[in-house]
Amino acid sequence: MEFSRMTSYINKGSATGIGPYTGNAIASIAGNEQVAVVDANVVRVLARLRRLAGDQKSKAMVQLNAQLAGSLVDPDRPGCFNQAMMELGACVCTVHQPPACEACPIQGHCRAYAEVQDYLLQGGEPSSVDAPQVLHYPAKAVKAAKRKEDVAVCVVKLLPSCPAPDSESQYLLVQRPEKGLLAGLWEFPSWVVGTAAASDRVSLREAVDNRLPELIGTTSMSALGSLHIVQRLQLGTVLHTFSHIQQTMHVELLVLQGQSAPAGSGLLRPKVQWVNPQHLTDSGLSSGVKKVWKLVMRKGIISETDSVA
């Protein structure tokens with residue numbers, strides 16, 4: 001295939017796994033096509049160059065940045081131009097520290113820099129909260145409020161039916177779905193509950209009682225078969241924050257003794273497994289689940305043989 005018109009080929013989806021950014025980089029650098037490469041560094045340079053204060057992740061601003069970048073590309077050396085723009089944003093027009101405006105080769109064309117200089121020439125106080133700054137561009141997007149979520153978590157400990165000196169307890173883990181939040185990771189049995197249920201211990205226990213039996217191979221918590229309840233305690237709450245969710249995990253410890261159904265047997269869904277406490281640190285657990293385990297140990301109700309560093 002000729003390099004001369006590879007952009008249309010790539011951007012039509014003919015090259016699997018290559019998006020517009022990578023496709024334009026290949027086309028401009030390897031094929032000398034007059035197409036723009038727009039990454040975060042380039043967006044920052046353009047925002048300051050043109051004093052673009054809008055949300056750079058909005059559809060309108062993404063389109064505008066693509067158009068601006070495309071209009072500036074050097075037709076003779078597009079690959080060099082794109083690399084220079086990215087390097088300019090990474091090394092001179094920086095984001096986490098004051099930009100090196102005095103060393104910037106396009107300083108004379110920068111509207112954000114000109115705004116600052118005009119302010120100073122008019123006697124403006126640079127330390128004022130209202131003083132313009134190059135760093136004000138691009139504008140920081142307003143983060144959406146995190147969704148609050150209450151989760152009932154049940155740490156199920158299984159004691160051997162016939163304790164022996166070398167026997168040890170096991171803990172029930174459930175694998176999350178292969179898609180979505182924390183896909184494929186293992187966790188203690190947990191279920192999202194409503195705000196009203198979260199504030200009531202009885203409702204929290206009912207939420208567990210309604211879902212846990214299918215995971216341990218029984219029909220209900222009142223018909224546990226060869227299992228019997230040794231201890232059941234509400235331990236408290238653990239806070240855990242994702243990028244878009246603020247989770248409050250209401251943790252319960254349930255100690256059982258007896259013979260459980262083999263992990264994953266019958267129609268058990270989702271996937272479950274019983275693990276020794278030593279395996280809890282290498283079972284693909286999320287940081288939130290590790291917080292729950294620390295709470296269990298902190299309460300001092302896990303034996304020394306169960307403790308995991």
# chains A, B, ... in the order shown; residues from 1 in each chain; ligands from 1
$ residues_around --residues "Arg44 (chain A)" --least-positions-apart "3" --cutoff "12 Å" --atoms "only C-alpha atoms" --output "PyMOL selection string"
chain A and resi 38-41+47-57+61-62+65+69+85-96+99+110+112+134-140
$ residues_around --residues "region 73-78 of chain A" --least-positions-apart "6" --cutoff "12 Å" --atoms "only C-alpha atoms" --output "number ranges by chain"
A: 24-38, 42, 66-67, 84-85
$ residues_around --residues "Gln170 (chain A)" --least-positions-apart "6" --cutoff "12 Å" --atoms "only C-alpha atoms" --output "list in words"
Val155, Val156, Lys157, Leu158, Leu159, Pro160, Ser161, Leu254, Val255, Leu256, Gln257, Gly258, Gln259, Ser260, Ala263, Gln273, Trp274, Val275, Asn276, Pro277, Gln278, His279, Leu280, Ile302, Thr305 and Asp306 of chain A
$ atom_distance --atom1 "CA of Trp191 (chain A)" --atom2 "CA of Val151 (chain A)"
5.4 Å
$ residues_around --residues "Glu187 (chain A)" --least-positions-apart "3" --cutoff "9 Å" --atoms "only C-alpha atoms" --output "PDB file with C-alpha atoms, in the first residue's frame"
ATOM      1  CA  LEU A 172     -15.471 -17.198  50.189  1.00  0.00           C
ATOM      2  CA  LEU A 173     -14.602 -15.065  47.169  1.00  0.00           C
ATOM      3  CA  VAL A 174     -16.859 -14.191  44.249  1.00  0.00           C
ATOM      4  CA  GLN A 175     -15.624 -13.199  40.807  1.00  0.00           C
ATOM      5  CA  ARG A 176     -17.050 -10.021  39.319  1.00  0.00           C
ATOM      6  CA  SER A 190     -21.271  -7.942  48.127  1.00  0.00           C
ATOM      7  CA  SER A 283      -6.184 -13.533  44.356  1.00  0.00           C
ATOM      8  CA  GLY A 284      -6.654 -10.452  42.208  1.00  0.00           C
ATOM      9  CA  LEU A 285      -8.420  -8.491  44.929  1.00  0.00           C
ATOM     10  CA  SER A 286      -9.239  -4.832  44.487  1.00  0.00           C
ATOM     11  CA  GLY A 288     -11.495  -1.802  48.261  1.00  0.00           C
ATOM     12  CA  VAL A 289     -11.662  -5.473  49.200  1.00  0.00           C
ATOM     13  CA  LYS A 290      -8.262  -5.216  50.869  1.00  0.00           C
TER      14      LYS A 290
END
$ residues_around --residues "Gln247 (chain A)" --least-positions-apart "6" --cutoff "7 Å" --atoms "only C-alpha atoms" --output "list in words"
Lys148, Glu149, Asp150, Leu239, His240 and Thr241 of chain A
$ decode --residues "region 37-173 of chain A" --atoms "C-alpha atoms" --output "short mmCIF file (atom, residue, chain, number, x, y, z; two decimals), in the first residue's frame"
data_model
loop_
_atom_site.label_atom_id
_atom_site.label_comp_id
_atom_site.auth_asym_id
_atom_site.auth_seq_id
_atom_site.Cartn_x
_atom_site.Cartn_y
_atom_site.Cartn_z
CA VAL A 37 -1.82 14.89 15.50
CA VAL A 38 -3.83 16.15 18.47
CA ASP A 39 -2.86 14.96 21.93
CA ALA A 40 -3.11 16.65 25.34
CA ASN A 41 0.10 18.60 24.73
CA VAL A 42 -1.16 19.96 21.42
CA VAL A 43 -4.54 20.84 22.95
CA ARG A 44 -2.76 22.82 25.67
CA VAL A 45 -0.65 24.74 23.14
CA LEU A 46 -3.70 25.56 21.03
CA ALA A 47 -5.77 26.65 24.04
CA ARG A 48 -3.11 29.15 25.09
CA LEU A 49 -2.25 30.21 21.56
CA ARG A 50 -5.89 31.12 20.86
CA ARG A 51 -7.12 31.70 24.46
CA LEU A 52 -9.67 28.91 24.24
CA ALA A 53 -11.35 28.72 27.63
CA GLY A 54 -14.00 26.09 26.96
CA ASP A 55 -14.10 22.49 28.18
CA GLN A 56 -11.49 20.85 25.99
CA LYS A 57 -13.23 17.48 26.25
CA SER A 58 -16.55 18.72 24.91
CA LYS A 59 -17.48 17.64 21.41
CA ALA A 60 -17.41 21.21 20.10
CA MET A 61 -13.92 21.89 21.48
CA VAL A 62 -12.56 18.56 20.24
CA GLN A 63 -13.74 19.46 16.74
CA LEU A 64 -12.38 23.00 17.01
CA ASN A 65 -8.96 21.80 18.17
CA ALA A 66 -8.83 19.31 15.31
CA GLN A 67 -9.66 22.07 12.83
CA LEU A 68 -7.12 24.52 14.31
CA ALA A 69 -4.38 21.92 14.41
CA GLY A 70 -5.15 20.90 10.86
CA SER A 71 -4.97 24.50 9.62
CA LEU A 72 -1.52 24.97 11.17
CA VAL A 73 0.21 21.83 9.89
CA ASP A 74 3.21 22.54 7.72
CA PRO A 75 2.37 21.11 4.26
CA ASP A 76 6.00 20.35 3.47
CA ARG A 77 7.06 18.74 6.75
CA PRO A 78 3.87 17.64 8.54
CA GLY A 79 5.57 14.90 10.53
CA CYS A 80 8.22 17.24 11.90
CA PHE A 81 5.59 19.86 12.68
CA ASN A 82 3.43 17.43 14.64
CA GLN A 83 6.38 16.18 16.65
CA ALA A 84 7.46 19.76 17.32
CA MET A 85 3.98 20.71 18.57
CA MET A 86 3.88 17.76 20.95
CA GLU A 87 7.39 18.51 22.18
CA LEU A 88 6.50 22.18 22.65
CA GLY A 89 3.59 21.24 24.88
CA ALA A 90 5.59 18.67 26.83
CA CYS A 91 8.72 20.72 27.48
CA VAL A 92 7.86 24.44 27.17
CA CYS A 93 4.10 25.00 27.34
CA THR A 94 3.80 22.82 30.42
CA VAL A 95 0.86 22.00 32.66
CA HIS A 96 2.13 21.04 36.13
CA GLN A 97 4.61 23.91 36.43
CA PRO A 98 4.77 27.48 35.08
CA PRO A 99 5.34 27.39 31.32
CA ALA A 100 8.66 28.66 29.98
CA CYS A 101 7.06 31.49 28.02
CA GLU A 102 10.33 33.42 27.60
CA ALA A 103 11.81 30.46 25.75
CA CYS A 104 8.73 29.76 23.65
CA PRO A 105 9.31 30.11 19.88
CA ILE A 106 5.69 31.12 19.25
CA GLN A 107 5.44 33.56 22.15
CA GLY A 108 4.69 36.46 19.78
CA HIS A 109 1.55 34.71 18.55
CA CYS A 110 0.26 33.54 21.94
CA ARG A 111 -2.92 35.32 23.02
CA ALA A 112 -2.79 33.98 26.58
CA TYR A 113 0.73 35.39 27.02
CA ALA A 114 -0.35 38.70 25.45
CA GLU A 115 -3.27 38.91 27.87
CA VAL A 116 -0.88 38.61 30.83
CA GLN A 117 1.51 41.22 29.42
CA ASP A 118 -1.31 43.70 28.73
CA TYR A 119 -2.51 43.30 32.31
CA LEU A 120 0.96 43.99 33.70
CA LEU A 121 1.49 47.02 31.43
CA GLN A 122 -1.73 48.50 32.77
CA GLY A 123 -0.39 48.22 36.32
CA GLY A 124 -2.18 45.05 37.27
CA GLU A 125 -1.04 43.18 40.38
CA PRO A 126 0.26 39.73 39.34
CA SER A 127 -0.54 38.21 42.76
CA SER A 128 -4.20 39.20 42.55
CA VAL A 129 -6.67 36.32 42.40
CA ASP A 130 -8.17 37.95 39.32
CA ALA A 131 -4.86 38.31 37.51
CA PRO A 132 -4.78 36.50 34.16
CA GLN A 133 -2.35 33.60 33.85
CA VAL A 134 -1.24 31.46 30.98
CA LEU A 135 -1.95 28.49 33.25
CA HIS A 136 -5.64 29.39 33.18
CA TYR A 137 -5.73 27.83 29.71
CA PRO A 138 -7.04 25.34 28.95
CA ALA A 139 -9.84 25.61 31.49
CA LYS A 140 -10.15 22.72 33.88
CA ALA A 141 -13.28 20.71 33.32
CA VAL A 142 -15.73 20.70 36.21
CA LYS A 143 -15.81 17.19 37.60
CA ALA A 144 -19.20 15.62 38.03
CA ALA A 145 -20.20 14.82 41.59
CA LYS A 146 -19.42 11.25 42.54
CA ARG A 147 -22.40 8.96 42.76
CA LYS A 148 -22.93 7.68 46.29
CA GLU A 149 -23.45 3.96 46.66
CA ASP A 150 -24.07 1.70 49.66
CA VAL A 151 -22.86 -1.89 49.49
CA ALA A 152 -23.56 -4.80 51.84
CA VAL A 153 -20.40 -6.90 52.17
CA CYS A 154 -20.32 -10.30 53.84
CA VAL A 155 -16.98 -11.82 54.76
CA VAL A 156 -17.77 -15.53 54.96
CA LYS A 157 -15.34 -17.63 56.99
CA LEU A 158 -15.66 -21.42 56.85
CA LEU A 159 -14.29 -23.49 59.70
CA PRO A 160 -13.44 -27.14 58.98
CA SER A 161 -16.13 -29.60 60.07
CA CYS A 162 -13.55 -31.66 61.96
CA PRO A 163 -10.85 -29.33 63.28
CA ALA A 164 -7.36 -30.78 63.20
CA PRO A 165 -3.96 -29.30 64.12
CA ASP A 166 -3.08 -28.73 60.46
CA SER A 167 -6.54 -27.66 59.30
CA GLU A 168 -7.31 -24.02 58.50
CA SER A 169 -10.31 -21.91 57.74
CA GLN A 170 -11.29 -20.73 54.28
CA TYR A 171 -12.91 -17.58 52.92
CA LEU A 172 -15.47 -17.20 50.19
CA LEU A 173 -14.60 -15.06 47.17
#
